[in-house]
Amino acid sequence: MPQTFRARAALLDMDGTLVDSTAVVERLWLAWAQPHGLDPEFVLSVVHGRQGHQSMAIMLPDRPHEENLAENREMLARESGDVDGVVEVPGAAGLLAALTAYPHAIVTSADDRLMRVRMGAAELDVPAGHVTAEHVSASKPDPEGFLLGARRLGVDPADCLVFEDSGAGIEAARAAGMRVIGVGAGSAAHSPDAVVADLTHVTVTADGDGFAVTVD
């Protein structure tokens, strides 16, 4: 049954939400994990949605933070140089076009360079509004990025609608006091307000001083 949400701003995750980068993310992270003897299933349960240094801290809890930061910089550089298999999540271009008239921003755990590389590989335009890893002190599931996005757009968090795929991202949006549309079947496990298979199931229409988003 269709559901409709009214909002004044949209905040959109990138990886897994606008851009399908699963192949490269999993390829590079599994290669990183192999010398550490980490279980691949555990690795894949951790890395999605978070900044790399936080993922490393979870997987290697006894390692110094400075070492994680240094390796994360190396990982970001490798990710920026590998776009093999990076494609648009179906409907992403249409959703971004529909949101052009309304406040919206990307809120991603990627840095600015990686965001632009992956959006470019998927042939998607980068919105004027964006919050990347450089802009926050804490990674998702901390709500800092979403709260900063709302503040930059001049919209109350309760009037924002978030599009997210990962558990860390959905938890961050919830902690920010925002409603969440889960993208992809896997997002349902994290109890968003609604779930869509992809963004072709999202329709945006004008609604007073904001807009309405209908999902089916």
# chains A, B, ... in the order shown; residues from 1 in each chain; ligands from 1
call {"tool": "closest_atom_pairs", "arguments": {"of": "range 89-123 of chain A", "to": "range 183-199 of chain A", "cutoff": "12 Å", "atoms": "only C-alpha atoms", "output": "tab-separated table"}}
result
residue	atom	partner	partner_atom	distance
A:Val89	CA	A:Asp198	CA	6.7
A:Pro90	CA	A:Leu199	CA	5.8
A:Gly91	CA	A:Leu199	CA	4.4
A:Ala92	CA	A:Leu199	CA	5.8
A:Ala93	CA	A:Leu199	CA	8.9
A:Gly94	CA	A:Leu199	CA	8.2
A:Leu95	CA	A:Leu199	CA	7.0
A:Leu96	CA	A:Leu199	CA	10.0
A:Ala98	CA	A:Leu199	CA	11.6
call {"tool": "residues_around", "arguments": {"residues": "Arg73 in chain A", "least_positions_apart": "2", "cutoff": "12 Å", "atoms": "only C-alpha atoms", "output": "list of chain:residue names"}}
result
A:Gln51, A:Gly52, A:His53, A:Met56, A:Glu66, A:Glu67, A:Asn68, A:Leu69, A:Ala70, A:Glu71, A:Met75, A:Leu76, A:Ala77, A:Arg78, A:Glu79, A:Ser80, A:Ala110, A:Asp111, A:Arg113, A:Leu114, A:Ala133, A:Glu134
call {"tool": "residues_around", "arguments": {"residues": "Gln3 in chain A", "least_positions_apart": "4", "cutoff": "8 Å", "atoms": "only C-alpha atoms", "output": "list in words"}}
result
Ala194, Thr214, Val215 and Asp216 of chain A
call {"tool": "write_last_selection", "arguments": {"atoms": "C-alpha atoms", "output": "mmCIF file, in the first residue's frame"}}
result
data_model
loop_
_atom_site.group_PDB
_atom_site.id
_atom_site.type_symbol
_atom_site.label_atom_id
_atom_site.label_comp_id
_atom_site.auth_asym_id
_atom_site.auth_seq_id
_atom_site.Cartn_x
_atom_site.Cartn_y
_atom_site.Cartn_z
ATOM 1 C CA ALA A 194 9.054 2.713 4.836
ATOM 2 C CA THR A 214 4.903 8.847 -1.974
ATOM 3 C CA VAL A 215 6.452 5.378 -1.933
ATOM 4 C CA ASP A 216 4.936 2.183 -3.273
#
call {"tool": "select_by_dssp", "arguments": {"residues": "range 102-201 of chain A", "states": "helix (DSSP H, G or I)", "output": "ChimeraX atom specification"}}
result
/A:112-121,133-135,144-153,157-159,167-175,185-190,199-201
call {"tool": "residues_around", "arguments": {"residues": "Gly210 in chain A", "least_positions_apart": "3", "cutoff": "6 Å", "atoms": "only C-alpha atoms", "output": "ChimeraX atom specification"}}
result
/A:7-8,207
call {"tool": "residues_around", "arguments": {"residues": "range 145-154 of chain A", "least_positions_apart": "4", "cutoff": "9 Å", "atoms": "only C-alpha atoms", "output": "count of residues only"}}
result
29
call {"tool": "closest_residue", "arguments": {"among": "A:Glu164, A:Glu41, A:Asp82, A:Asp156", "to": "Ala23 in chain A", "atoms": "only C-alpha atoms"}}
result
A:Asp82
call {"tool": "select_by_dssp", "arguments": {"residues": "range 28-149 of chain A", "states": "strand (DSSP E)", "output": "ChimeraX atom specification"}}
result
/A:87-88,104-107,129-131
call {"tool": "write_last_selection", "arguments": {"atoms": "N, CA and C atoms", "output": "PDB file, in the first residue's frame"}}
result
ATOM      1  N   VAL A  87      27.444   1.946 -10.311  1.00  0.00           N
ATOM      2  CA  VAL A  87      26.329   2.338 -11.182  1.00  0.00           C
ATOM      3  C   VAL A  87      25.264   3.078 -10.360  1.00  0.00           C
ATOM      4  N   GLU A  88      24.370   3.721 -11.058  1.00  0.00           N
ATOM      5  CA  GLU A  88      23.237   4.396 -10.418  1.00  0.00           C
ATOM      6  C   GLU A  88      22.278   3.387  -9.817  1.00  0.00           C
ATOM      7  N   HIS A 104      17.636  20.040  -0.438  1.00  0.00           N
ATOM      8  CA  HIS A 104      18.091  18.653  -0.334  1.00  0.00           C
ATOM      9  C   HIS A 104      19.609  18.621  -0.322  1.00  0.00           C
ATOM     10  N   ALA A 105      20.153  17.559   0.245  1.00  0.00           N
ATOM     11  CA  ALA A 105      21.604  17.436   0.353  1.00  0.00           C
ATOM     12  C   ALA A 105      21.988  15.972   0.486  1.00  0.00           C
ATOM     13  N   ILE A 106      23.182  15.657   0.030  1.00  0.00           N
ATOM     14  CA  ILE A 106      23.783  14.351   0.283  1.00  0.00           C
ATOM     15  C   ILE A 106      24.455  14.392   1.656  1.00  0.00           C
ATOM     16  N   VAL A 107      24.280  13.341   2.427  1.00  0.00           N
ATOM     17  CA  VAL A 107      25.001  13.169   3.694  1.00  0.00           C
ATOM     18  C   VAL A 107      25.681  11.805   3.617  1.00  0.00           C
ATOM     19  N   GLY A 129      24.043  21.024  -2.029  1.00  0.00           N
ATOM     20  CA  GLY A 129      24.185  20.703  -0.620  1.00  0.00           C
ATOM     21  C   GLY A 129      24.807  19.334  -0.426  1.00  0.00           C
ATOM     22  N   HIS A 130      25.859  19.254   0.367  1.00  0.00           N
ATOM     23  CA  HIS A 130      26.432  17.944   0.684  1.00  0.00           C
ATOM     24  C   HIS A 130      27.254  18.031   1.967  1.00  0.00           C
ATOM     25  N   VAL A 131      27.161  16.963   2.749  1.00  0.00           N
ATOM     26  CA  VAL A 131      27.954  16.799   3.966  1.00  0.00           C
ATOM     27  C   VAL A 131      28.792  15.549   3.776  1.00  0.00           C
TER      28      VAL A 131
END
call {"tool": "closest_residue", "arguments": {"among": "A:Arg27, A:Arg50, A:Val86, A:Tyr102", "to": "Ala206 in chain A", "atoms": "only C-alpha atoms"}}
result
A:Tyr102
call {"tool": "residues_around", "arguments": {"residues": "Val47 in chain A", "least_positions_apart": "6", "cutoff": "10 Å", "atoms": "only C-alpha atoms", "output": "list of chain:residue names"}}
result
A:Val25, A:Glu26, A:Trp29, A:Leu30, A:His53, A:Gln54, A:Ser55, A:Met56, A:Ile58, A:Met59, A:Ser166, A:Ala168
call {"tool": "closest_residue", "arguments": {"among": "A:Arg174, A:Arg6, A:His36, A:Arg118", "to": "Val24 in chain A", "atoms": "only C-alpha atoms"}}
result
A:Arg118
call {"tool": "atom_distance", "arguments": {"atom1": "CA of Arg179 in chain A", "atom2": "CA of Val155 in chain A"}}
result
13.6 Å
call {"tool": "closest_residue", "arguments": {"among": "A:Val213, A:Ala121, A:Ala175, A:Ala31", "to": "Gly85 in chain A", "atoms": "only C-alpha atoms"}}
result
A:Ala121
